[in-house]
Amino acid sequence: MAIEFSERIRRIPTYPVAGGYAQEEPLVRLASNESPFPPLAPVRAAIDAALSSLNRYPDPSSSLLRRRLSERYEVPASRIAIGNGSCDILLAAGEALLEPGAELVYAWPSFSIYAHIAAASGARAVTVALDADDRHDLDAMLAEITVATRLAIVCNPNNPTSTAVPLADIAGFLAEVPPHVCVIVDEAYCEFNLLEDPDASIELLDHHPNLALLRTFSKVHGLCGLRVGFALCGSDALPRALDQVRQPFFCNALAQAAAVESLAHQDAVLDRVTRTVAERISVDERLRALGLEPAESQANFCWVKLGAERDEGAIMRGLQERGVLVRAGAALGSDQPALRVTYGLPEENWRFLDALAEVL
Ligand SMILES: Cc1ncc(COP(=O)(O)O)c(C=O)c1O
C-alpha cells in the first residue's frame with residue numbers, strides 16, 4: 001500500500017524550478033532572476049568568519065540583522081520580520097493568515113508562490129488579470145476584496161512581467177483596503193525600479209498597520225544561495241504571528257552574517273544595479289531590433305511576448321540547445337507565447353541574443 005498524503009498535498013502546485021543545475025556544460029543561466037555578480041569580497045570574509053561558530057545554533061531572533069535593517073530603513077526592529085528567503089515569509093504569512101473560507105487576492109500572472117500559499121491553506125485564491133500593459137490592475141483587485149479577504153499581495157515590480165505600478169497608485173489602493181486585510185507588497189526587485197526611490201514605500205508603513213513590504217537579499221545583494229529575506233511591517237503583529245508558525249532558527253548563521261555585511265556596502269550594491277540597468281536598456285533595444293516588444297521592465301529581467309504565431313516550446317528548445325536557459329511564459333501563467341529572461345553579464349546577454357536571433 002502506498003503512503004497516504006494529506007489533501008493539501010494534492011492541491012499544492014509544484015514550484016516551476018529552472019533546469020540545468022546538474023549539467024557540466026557551462027550554461028548561460030538567465031532563468032531565475034539571480035544576480036550575475038558573485039558575492040562581494042567583504043561578504044565572503046564575513047561568511048568565512050561565521051564558519052567557526054557553526055557548532056552553535058544561529059541567533060533565533062536575528063537580532064543584529066534586524067538592528068542593522070532598522071538603522072538602514074528607519075523602521076523599529078520589532079516591526080521587522082526575517083525569513084529563510086522572502087519565500088519563507090510568504091509561506092508563513094499564508095499559514096498565519098489563511099484557512100478554508102478565507103480569501104487571498106493577487107494578480108495573475110504573478111509570482112507562482114502566491115498560488116501555492118492559497119492551495120496549502122485551503123483558502124480561496126482570487127486572481128485578477130493584469131491590464132493590457134501587463135501591470136497590476138489595482139482597481140480590479142480592490143473590487144475583489146470582501147469580508148472574507150485576509151491577504152492581498154501586490155508584486156511590484158511584478159514577476160514575471162517586469163512591470164511596476166507607481167507608488168501613488170499603491171498608496172491609493174491601501175487607502176481603500178479595509179484594515180482587517182493584510183497587504184503584502186512584494187518588493188523583491190524594487191531596487192531596480194527607476195520609477196521611484198526604492199525607499200519611498202516605507203513611509204506608507206506609518207499609515208497602514210496592515211501593510212508589509214517584502215524584501216530580499218537574493219536579488220540586488222546577490223545572496224540567493226544563502227536564503228535570507230525580510231519584511232518591513234506597519235505593526236509588530238505580523239512579525240509575531242510569523243514567528244509562531246515557523247520552526248525556531250529558521251535563518252541560518254551564515255545568511256545572517258552575510259546579510260549584515262552586505263548592508264554595510266550599499267555603494268557596491270548600487271553599482272551593480274547601475275550595471276544591470278545599463279544591460280536592461282541595451283538588451284531591450286536589441287530585442288526591439290529583432291522585432292520583439294519587451295514589456296517596460298523595472299526589474300532585473302525582461303518579459304517578451306513572442307507573438308501568437310510563434311512556438312514557445314520550440315524557441316525554448318532552440319535556446320537550450322545553444323546553452324542558454326531562460327524561462328517559458330507558459331510555466332509562469334502566461335496564456336500567450338512569452339519568455340522571461342534575466343539580464344546577465346554583457347557577454348551572457350550577447351549569447352542569449354545571438355541564440356534568439358538564430359532560433360527566430
Ligand atoms: C516576486 C518575488 N518575490 C519573492 C521571491 C523570493 O525570493 P527569496 O525567497 O529568494 O527571497 C522571488 C524570487 O524569485 C520573487 O520573484
# chains A, B, ... in the order shown; residues from 1 in each chain; ligands from 1
>>> select_by_dssp(residues="range 99-128 of chain A", states="strand (DSSP E)", output="PyMOL selection string")
chain A and resi 103-108+124-128
>>> write_last_selection(atoms="N, CA and C atoms", output="PDB file, in the first residue's frame")
ATOM      1  N   GLU A 103     -10.069  34.287   1.927  1.00  0.00           N
ATOM      2  CA  GLU A 103      -9.697  34.567   0.534  1.00  0.00           C
ATOM      3  C   GLU A 103      -8.367  35.312   0.465  1.00  0.00           C
ATOM      4  N   LEU A 104      -7.643  35.005  -0.590  1.00  0.00           N
ATOM      5  CA  LEU A 104      -6.361  35.654  -0.890  1.00  0.00           C
ATOM      6  C   LEU A 104      -6.495  36.273  -2.283  1.00  0.00           C
ATOM      7  N   VAL A 105      -6.222  37.585  -2.388  1.00  0.00           N
ATOM      8  CA  VAL A 105      -6.362  38.283  -3.675  1.00  0.00           C
ATOM      9  C   VAL A 105      -4.968  38.606  -4.215  1.00  0.00           C
ATOM     10  N   TYR A 106      -4.721  38.242  -5.448  1.00  0.00           N
ATOM     11  CA  TYR A 106      -3.456  38.609  -6.094  1.00  0.00           C
ATOM     12  C   TYR A 106      -3.644  38.656  -7.600  1.00  0.00           C
ATOM     13  N   ALA A 107      -2.702  39.304  -8.266  1.00  0.00           N
ATOM     14  CA  ALA A 107      -2.779  39.435  -9.726  1.00  0.00           C
ATOM     15  C   ALA A 107      -2.267  38.155 -10.383  1.00  0.00           C
ATOM     16  N   TRP A 108      -2.625  37.969 -11.663  1.00  0.00           N
ATOM     17  CA  TRP A 108      -2.111  36.832 -12.405  1.00  0.00           C
ATOM     18  C   TRP A 108      -1.912  37.194 -13.862  1.00  0.00           C
ATOM     19  N   ARG A 124      -9.476  30.465  -0.569  1.00  0.00           N
ATOM     20  CA  ARG A 124      -9.839  30.648  -1.977  1.00  0.00           C
ATOM     21  C   ARG A 124      -8.878  31.654  -2.611  1.00  0.00           C
ATOM     22  N   ALA A 125      -8.275  31.268  -3.731  1.00  0.00           N
ATOM     23  CA  ALA A 125      -7.397  32.183  -4.478  1.00  0.00           C
ATOM     24  C   ALA A 125      -8.264  33.011  -5.410  1.00  0.00           C
ATOM     25  N   VAL A 126      -8.239  34.323  -5.241  1.00  0.00           N
ATOM     26  CA  VAL A 126      -8.984  35.208  -6.144  1.00  0.00           C
ATOM     27  C   VAL A 126      -7.945  35.913  -7.001  1.00  0.00           C
ATOM     28  N   THR A 127      -7.850  35.504  -8.257  1.00  0.00           N
ATOM     29  CA  THR A 127      -6.816  36.084  -9.124  1.00  0.00           C
ATOM     30  C   THR A 127      -7.428  37.157 -10.020  1.00  0.00           C
ATOM     31  N   VAL A 128      -6.650  38.209 -10.227  1.00  0.00           N
ATOM     32  CA  VAL A 128      -7.124  39.364 -11.004  1.00  0.00           C
ATOM     33  C   VAL A 128      -6.166  39.551 -12.179  1.00  0.00           C
TER      34      VAL A 128
END
>>> closest_atom_pairs(of="chain A", to="ligand 1", cutoff="9 Å", atoms="only C-alpha atoms and all ligand atoms", output="CSV")
residue,atom,partner,partner_atom_place_in_ligand_line,distance
A:Ser32,CA,ligand 1,14 (O),6.4
A:Asn33,CA,ligand 1,14 (O),6.2
A:Glu34,CA,ligand 1,14 (O),7.8
A:Gly83,CA,ligand 1,11 (O),7.9
A:Asn84,CA,ligand 1,9 (O),7.0
A:Gly85,CA,ligand 1,9 (O),3.6
A:Ser86,CA,ligand 1,11 (O),3.6
A:Cys87,CA,ligand 1,9 (O),3.8
A:Asp88,CA,ligand 1,9 (O),6.3
A:Ile89,CA,ligand 1,9 (O),8.1
A:Leu90,CA,ligand 1,4 (C),8.0
A:Ser110,CA,ligand 1,1 (C),7.5
A:Phe111,CA,ligand 1,1 (C),5.2
A:Ser112,CA,ligand 1,16 (O),8.4
A:Ile113,CA,ligand 1,4 (C),8.1
A:Cys155,CA,ligand 1,1 (C),5.8
A:Asn156,CA,ligand 1,1 (C),7.6
A:Pro157,CA,ligand 1,1 (C),7.5
A:Asn158,CA,ligand 1,1 (C),6.3
A:Asn159,CA,ligand 1,1 (C),5.1
A:Pro160,CA,ligand 1,16 (O),7.4
A:Asp186,CA,ligand 1,3 (N),5.7
A:Glu187,CA,ligand 1,1 (C),6.8
A:Ala188,CA,ligand 1,3 (N),5.0
A:Tyr189,CA,ligand 1,1 (C),7.1
A:Leu214,CA,ligand 1,3 (N),7.6
A:Arg215,CA,ligand 1,11 (O),7.0
A:Thr216,CA,ligand 1,11 (O),4.5
A:Phe217,CA,ligand 1,11 (O),6.3
A:Ser218,CA,ligand 1,10 (O),4.8
A:Lys219,CA,ligand 1,10 (O),7.3
A:Leu223,CA,ligand 1,10 (O),8.2
A:Cys224,CA,ligand 1,10 (O),5.2
A:Gly225,CA,ligand 1,10 (O),8.0
A:Leu226,CA,ligand 1,10 (O),8.6
A:Arg227,CA,ligand 1,10 (O),5.8
A:Val228,CA,ligand 1,11 (O),5.9
A:Gly229,CA,ligand 1,11 (O),4.8
A:Phe230,CA,ligand 1,11 (O),7.9
>>> write_last_selection(atoms="N, CA, C and O atoms", output="compact mmCIF listing (two decimals), in the first residue's frame")
# COMPACT_ATOMS: atom_id res chain seq x y z
N SER A 32 16.38 32.45 -13.59
CA SER A 32 15.89 32.53 -12.20
C SER A 32 16.04 33.91 -11.57
O SER A 32 15.93 34.04 -10.35
N ASN A 33 16.24 34.93 -12.40
CA ASN A 33 16.36 36.31 -11.89
C ASN A 33 17.39 36.44 -10.78
O ASN A 33 17.20 37.18 -9.82
N GLU A 34 18.48 35.68 -10.95
CA GLU A 34 19.58 35.77 -10.00
C GLU A 34 20.47 36.96 -10.37
O GLU A 34 20.40 37.48 -11.48
N GLY A 83 13.33 36.13 7.20
CA GLY A 83 12.89 34.83 6.68
C GLY A 83 14.04 34.07 6.03
O GLY A 83 15.06 34.66 5.67
N ASN A 84 13.84 32.78 5.90
CA ASN A 84 14.77 31.91 5.19
C ASN A 84 14.51 32.11 3.69
O ASN A 84 13.91 31.28 3.01
N GLY A 85 14.90 33.31 3.21
CA GLY A 85 14.43 33.80 1.91
C GLY A 85 13.08 34.48 2.14
O GLY A 85 12.41 34.22 3.15
N SER A 86 12.72 35.38 1.21
CA SER A 86 11.42 36.05 1.42
C SER A 86 10.26 35.08 1.15
O SER A 86 9.15 35.28 1.65
N CYS A 87 10.53 34.02 0.39
CA CYS A 87 9.51 32.98 0.18
C CYS A 87 9.02 32.40 1.51
O CYS A 87 7.83 32.11 1.67
N ASP A 88 9.95 32.24 2.42
CA ASP A 88 9.62 31.70 3.74
C ASP A 88 8.61 32.61 4.45
O ASP A 88 7.67 32.13 5.10
N ILE A 89 8.79 33.91 4.27
CA ILE A 89 7.86 34.87 4.90
C ILE A 89 6.48 34.76 4.24
O ILE A 89 5.44 34.77 4.91
N LEU A 90 6.48 34.60 2.91
CA LEU A 90 5.19 34.44 2.21
C LEU A 90 4.47 33.17 2.68
O LEU A 90 3.27 33.19 2.95
N SER A 110 1.56 36.30 -11.82
CA SER A 110 2.45 36.92 -10.84
C SER A 110 3.30 35.80 -10.23
O SER A 110 3.35 34.70 -10.79
N PHE A 111 3.93 36.06 -9.11
CA PHE A 111 4.89 35.09 -8.56
C PHE A 111 4.16 33.80 -8.17
O PHE A 111 3.15 33.83 -7.46
N SER A 112 4.70 32.67 -8.62
CA SER A 112 3.98 31.39 -8.51
C SER A 112 3.72 30.95 -7.07
O SER A 112 2.78 30.20 -6.81
N ILE A 113 4.51 31.44 -6.13
CA ILE A 113 4.31 31.04 -4.73
C ILE A 113 2.95 31.50 -4.18
O ILE A 113 2.41 30.90 -3.25
N CYS A 155 2.66 42.53 -6.27
CA CYS A 155 4.06 42.28 -6.59
C CYS A 155 4.57 43.45 -7.44
O CYS A 155 4.13 43.62 -8.58
N ASN A 156 5.46 44.25 -6.88
CA ASN A 156 5.86 45.48 -7.54
C ASN A 156 7.37 45.73 -7.40
O ASN A 156 7.83 46.00 -6.30
N PRO A 157 8.12 45.64 -8.52
CA PRO A 157 7.78 45.22 -9.87
C PRO A 157 7.30 43.76 -9.91
O PRO A 157 7.70 42.96 -9.07
N ASN A 158 6.44 43.48 -10.90
CA ASN A 158 5.80 42.17 -10.94
C ASN A 158 6.69 41.12 -11.61
O ASN A 158 7.28 41.36 -12.65
N ASN A 159 6.78 39.97 -10.96
CA ASN A 159 7.37 38.78 -11.58
C ASN A 159 6.20 37.93 -12.07
O ASN A 159 5.34 37.60 -11.25
N PRO A 160 6.10 37.56 -13.33
CA PRO A 160 7.14 37.55 -14.36
C PRO A 160 7.12 38.71 -15.35
O PRO A 160 7.96 38.70 -16.25
N ASP A 186 5.11 42.90 -2.40
CA ASP A 186 6.33 42.10 -2.62
C ASP A 186 7.29 42.93 -3.47
O ASP A 186 7.07 43.12 -4.68
N GLU A 187 8.33 43.44 -2.81
CA GLU A 187 9.27 44.36 -3.47
C GLU A 187 10.63 43.69 -3.70
O GLU A 187 11.67 44.32 -3.56
N ALA A 188 10.60 42.41 -4.08
CA ALA A 188 11.86 41.68 -4.28
C ALA A 188 12.79 42.40 -5.26
O ALA A 188 14.01 42.30 -5.14
N TYR A 189 12.21 43.12 -6.22
CA TYR A 189 13.03 43.74 -7.28
C TYR A 189 13.03 45.27 -7.19
O TYR A 189 13.41 45.93 -8.16
N LEU A 214 7.80 43.45 1.46
CA LEU A 214 8.63 42.24 1.45
C LEU A 214 9.88 42.47 0.61
O LEU A 214 9.77 42.87 -0.56
N ARG A 215 11.03 42.26 1.19
CA ARG A 215 12.31 42.49 0.51
C ARG A 215 13.19 41.25 0.62
O ARG A 215 12.92 40.36 1.43
N THR A 216 14.26 41.24 -0.12
CA THR A 216 15.11 40.04 -0.10
C THR A 216 16.58 40.39 -0.34
O THR A 216 16.90 41.40 -1.00
N PHE A 217 17.46 39.56 0.18
CA PHE A 217 18.89 39.65 -0.12
C PHE A 217 19.24 38.80 -1.35
O PHE A 217 20.40 38.69 -1.72
N SER A 218 18.24 38.16 -1.96
CA SER A 218 18.50 37.23 -3.06
C SER A 218 18.81 37.91 -4.39
O SER A 218 19.43 37.33 -5.25
N LYS A 219 18.29 39.12 -4.57
CA LYS A 219 18.37 39.72 -5.91
C LYS A 219 19.48 40.75 -5.95
O LYS A 219 20.59 40.46 -6.36
N LEU A 223 22.60 37.17 -2.94
CA LEU A 223 22.86 36.13 -1.94
C LEU A 223 21.78 35.05 -1.93
O LEU A 223 21.49 34.45 -0.88
N CYS A 224 21.19 34.76 -3.10
CA CYS A 224 20.05 33.82 -3.10
C CYS A 224 20.46 32.42 -2.63
O CYS A 224 19.65 31.68 -2.07
N GLY A 225 21.74 32.07 -2.81
CA GLY A 225 22.19 30.75 -2.37
C GLY A 225 22.17 30.58 -0.86
O GLY A 225 22.19 29.45 -0.35
N LEU A 226 22.11 31.69 -0.13
CA LEU A 226 22.11 31.60 1.34
C LEU A 226 20.72 31.63 1.94
O LEU A 226 20.53 31.24 3.08
N ARG A 227 19.73 32.15 1.22
CA ARG A 227 18.34 32.25 1.65
C ARG A 227 18.17 33.22 2.82
O ARG A 227 18.24 32.84 3.98
N VAL A 228 17.96 34.48 2.51
CA VAL A 228 17.59 35.43 3.56
C VAL A 228 16.77 36.58 2.97
O VAL A 228 17.13 37.15 1.94
N GLY A 229 15.63 36.82 3.60
CA GLY A 229 14.74 37.91 3.18
C GLY A 229 14.18 38.58 4.41
O GLY A 229 14.43 38.13 5.54
N PHE A 230 13.43 39.66 4.20
CA PHE A 230 12.86 40.35 5.36
C PHE A 230 11.59 41.09 4.97
O PHE A 230 11.34 41.33 3.79
>>> residues_around(residues="range 234-240 of chain A", least_positions_apart="3", cutoff="10 Å", atoms="only C-alpha atoms", output="PyMOL selection string")
chain A and resi 75-82+89+92-93+96-97+182+202-213+230-231+243-245
>>> select_by_dssp(residues="range 193-311 of chain A", states="helix (DSSP H, G or I)", output="number ranges by chain")
A: 200-206, 237-245, 253-263, 266-289
>>> closest_atom_pairs(of="range 303-358 of chain A", to="range 274-288 of chain A", cutoff="10 Å", atoms="only C-alpha atoms", output="Markdown table")
| residue | atom | partner | partner_atom | distance |
| --- | --- | --- | --- | --- |
| A:Trp303 | CA | A:Asp284 | CA | 9.8 |
| A:Val304 | CA | A:Leu287 | CA | 8.5 |
| A:Thr342 | CA | A:Arg280 | CA | 9.2 |
| A:Tyr343 | CA | A:Arg280 | CA | 6.4 |
| A:Gly344 | CA | A:Thr276 | CA | 7.5 |
| A:Leu345 | CA | A:Glu279 | CA | 7.7 |
| A:Pro346 | CA | A:Glu279 | CA | 6.7 |
| A:Asn349 | CA | A:Val283 | CA | 7.0 |
| A:Trp350 | CA | A:Val283 | CA | 8.3 |
| A:Phe352 | CA | A:Val283 | CA | 9.6 |
| A:Leu353 | CA | A:Leu287 | CA | 7.5 |
| A:Leu356 | CA | A:Leu287 | CA | 9.2 |
| A:Ala357 | CA | A:Leu287 | CA | 9.1 |
>>> residues_around(residues="Asp139 in chain A", least_positions_apart="6", cutoff="10 Å", atoms="only C-alpha atoms", output="count of residues only")
5
>>> residues_around(residues="range 295-298 of chain A", least_positions_apart="5", cutoff="7 Å", atoms="only C-alpha atoms", output="PyMOL selection string")
chain A and resi 157+161-164+192-194+303-304
>>> write_last_selection(atoms="N, CA and C atoms", output="PDB file, in the first residue's frame")
ATOM      1  N   PRO A 157       8.117  45.642  -8.518  1.00  0.00           N
ATOM      2  CA  PRO A 157       7.776  45.223  -9.874  1.00  0.00           C
ATOM      3  C   PRO A 157       7.300  43.762  -9.905  1.00  0.00           C
ATOM      4  N   THR A 161       6.222  39.698 -15.216  1.00  0.00           N
ATOM      5  CA  THR A 161       6.084  40.638 -16.341  1.00  0.00           C
ATOM      6  C   THR A 161       7.019  41.849 -16.258  1.00  0.00           C
ATOM      7  N   SER A 162       7.750  42.010 -15.157  1.00  0.00           N
ATOM      8  CA  SER A 162       8.796  43.033 -15.000  1.00  0.00           C
ATOM      9  C   SER A 162       8.277  44.459 -14.826  1.00  0.00           C
ATOM     10  N   THR A 163       6.974  44.645 -14.923  1.00  0.00           N
ATOM     11  CA  THR A 163       6.390  45.994 -14.899  1.00  0.00           C
ATOM     12  C   THR A 163       6.151  46.460 -13.464  1.00  0.00           C
ATOM     13  N   ALA A 164       6.089  47.778 -13.303  1.00  0.00           N
ATOM     14  CA  ALA A 164       5.795  48.339 -11.976  1.00  0.00           C
ATOM     15  C   ALA A 164       4.601  49.282 -12.071  1.00  0.00           C
ATOM     16  N   PHE A 192      15.673  47.847  -8.535  1.00  0.00           N
ATOM     17  CA  PHE A 192      15.899  48.018  -9.981  1.00  0.00           C
ATOM     18  C   PHE A 192      14.851  48.939 -10.612  1.00  0.00           C
ATOM     19  N   ASN A 193      13.902  49.419  -9.797  1.00  0.00           N
ATOM     20  CA  ASN A 193      12.779  50.214 -10.310  1.00  0.00           C
ATOM     21  C   ASN A 193      13.183  51.687 -10.372  1.00  0.00           C
ATOM     22  N   LEU A 194      13.287  52.205 -11.589  1.00  0.00           N
ATOM     23  CA  LEU A 194      13.708  53.596 -11.720  1.00  0.00           C
ATOM     24  C   LEU A 194      12.539  54.574 -11.638  1.00  0.00           C
ATOM     25  N   TRP A 303      10.383  40.654 -19.951  1.00  0.00           N
ATOM     26  CA  TRP A 303       9.233  39.822 -20.305  1.00  0.00           C
ATOM     27  C   TRP A 303       8.935  40.108 -21.771  1.00  0.00           C
ATOM     28  N   VAL A 304       9.098  39.083 -22.586  1.00  0.00           N
ATOM     29  CA  VAL A 304       8.994  39.286 -24.028  1.00  0.00           C
ATOM     30  C   VAL A 304       7.893  38.408 -24.594  1.00  0.00           C
TER      31      VAL A 304
END
>>> atom_distance(atom1="CA of Arg317 in chain A", atom2="CA of Pro109 in chain A")
22.7 Å
>>> closest_residue(among="A:Val273, A:Leu167, A:Ile47, A:Ile184", to="Val154 in chain A", atoms="only C-alpha atoms")
A:Ile184
>>> closest_residue(among="A:Ala41, A:Val165, A:Cys251, A:Ala171", to="Arg135 in chain A", atoms="only C-alpha atoms")
A:Val165
>>> residues_around(residues="Gln320 in chain A", least_positions_apart="4", cutoff="10 Å", atoms="only C-alpha atoms", output="VMD selection string")
chain A and resid 20 27 to 28 314 to 316 324 to 326 352 355
>>> write_last_selection(atoms="N, CA and C atoms", output="PDB file, in the first residue's frame")
ATOM      1  N   GLY A  20      19.023  22.611 -15.315  1.00  0.00           N
ATOM      2  CA  GLY A  20      20.414  22.980 -15.583  1.00  0.00           C
ATOM      3  C   GLY A  20      21.345  22.908 -14.395  1.00  0.00           C
ATOM      4  N   LEU A  27      26.636  26.907 -18.834  1.00  0.00           N
ATOM      5  CA  LEU A  27      25.375  27.401 -19.366  1.00  0.00           C
ATOM      6  C   LEU A  27      25.240  28.880 -19.070  1.00  0.00           C
ATOM      7  N   VAL A  28      24.489  29.558 -19.899  1.00  0.00           N
ATOM      8  CA  VAL A  28      24.128  30.932 -19.603  1.00  0.00           C
ATOM      9  C   VAL A  28      22.817  30.860 -18.837  1.00  0.00           C
ATOM     10  N   ALA A 314       9.379  25.383 -29.018  1.00  0.00           N
ATOM     11  CA  ALA A 314      10.480  25.212 -29.983  1.00  0.00           C
ATOM     12  C   ALA A 314      11.561  26.257 -29.726  1.00  0.00           C
ATOM     13  N   ILE A 315      11.151  27.479 -29.377  1.00  0.00           N
ATOM     14  CA  ILE A 315      12.138  28.543 -29.107  1.00  0.00           C
ATOM     15  C   ILE A 315      12.929  28.210 -27.843  1.00  0.00           C
ATOM     16  N   MET A 316      12.234  27.716 -26.822  1.00  0.00           N
ATOM     17  CA  MET A 316      12.926  27.311 -25.590  1.00  0.00           C
ATOM     18  C   MET A 316      13.952  26.214 -25.880  1.00  0.00           C
ATOM     19  N   VAL A 324      21.592  28.218 -23.526  1.00  0.00           N
ATOM     20  CA  VAL A 324      21.012  29.392 -22.856  1.00  0.00           C
ATOM     21  C   VAL A 324      19.721  28.982 -22.151  1.00  0.00           C
ATOM     22  N   LEU A 325      19.685  29.200 -20.838  1.00  0.00           N
ATOM     23  CA  LEU A 325      18.489  28.866 -20.056  1.00  0.00           C
ATOM     24  C   LEU A 325      17.699  30.124 -19.756  1.00  0.00           C
ATOM     25  N   VAL A 326      16.458  30.155 -20.216  1.00  0.00           N
ATOM     26  CA  VAL A 326      15.550  31.248 -19.855  1.00  0.00           C
ATOM     27  C   VAL A 326      14.266  30.583 -19.361  1.00  0.00           C
ATOM     28  N   PHE A 352      22.685  35.080 -25.358  1.00  0.00           N
ATOM     29  CA  PHE A 352      21.224  34.904 -25.438  1.00  0.00           C
ATOM     30  C   PHE A 352      20.673  35.545 -26.715  1.00  0.00           C
ATOM     31  N   ALA A 355      21.662  33.661 -29.834  1.00  0.00           N
ATOM     32  CA  ALA A 355      20.923  32.400 -29.912  1.00  0.00           C
ATOM     33  C   ALA A 355      19.469  32.665 -30.310  1.00  0.00           C
TER      34      ALA A 355
END
>>> atom_distance(atom1="CA of Val185 in chain A", atom2="CA of Met141 in chain A")
13.2 Å
>>> residues_around(residues="range 309-313 of chain A", least_positions_apart="6", cutoff="7 Å", atoms="only C-alpha atoms", output="list in words")
Ala328, Pro337 and Ala338 of chain A
>>> closest_residue(among="A:Pro13, A:Leu30, A:Leu232, A:Leu65", to="Arg351 in chain A", atoms="only C-alpha atoms")
A:Leu30
>>> closest_residue(among="A:Pro42, A:Pro198, A:Gly333, A:Gly318", to="Ala264 in chain A", atoms="only C-alpha atoms")
A:Pro42
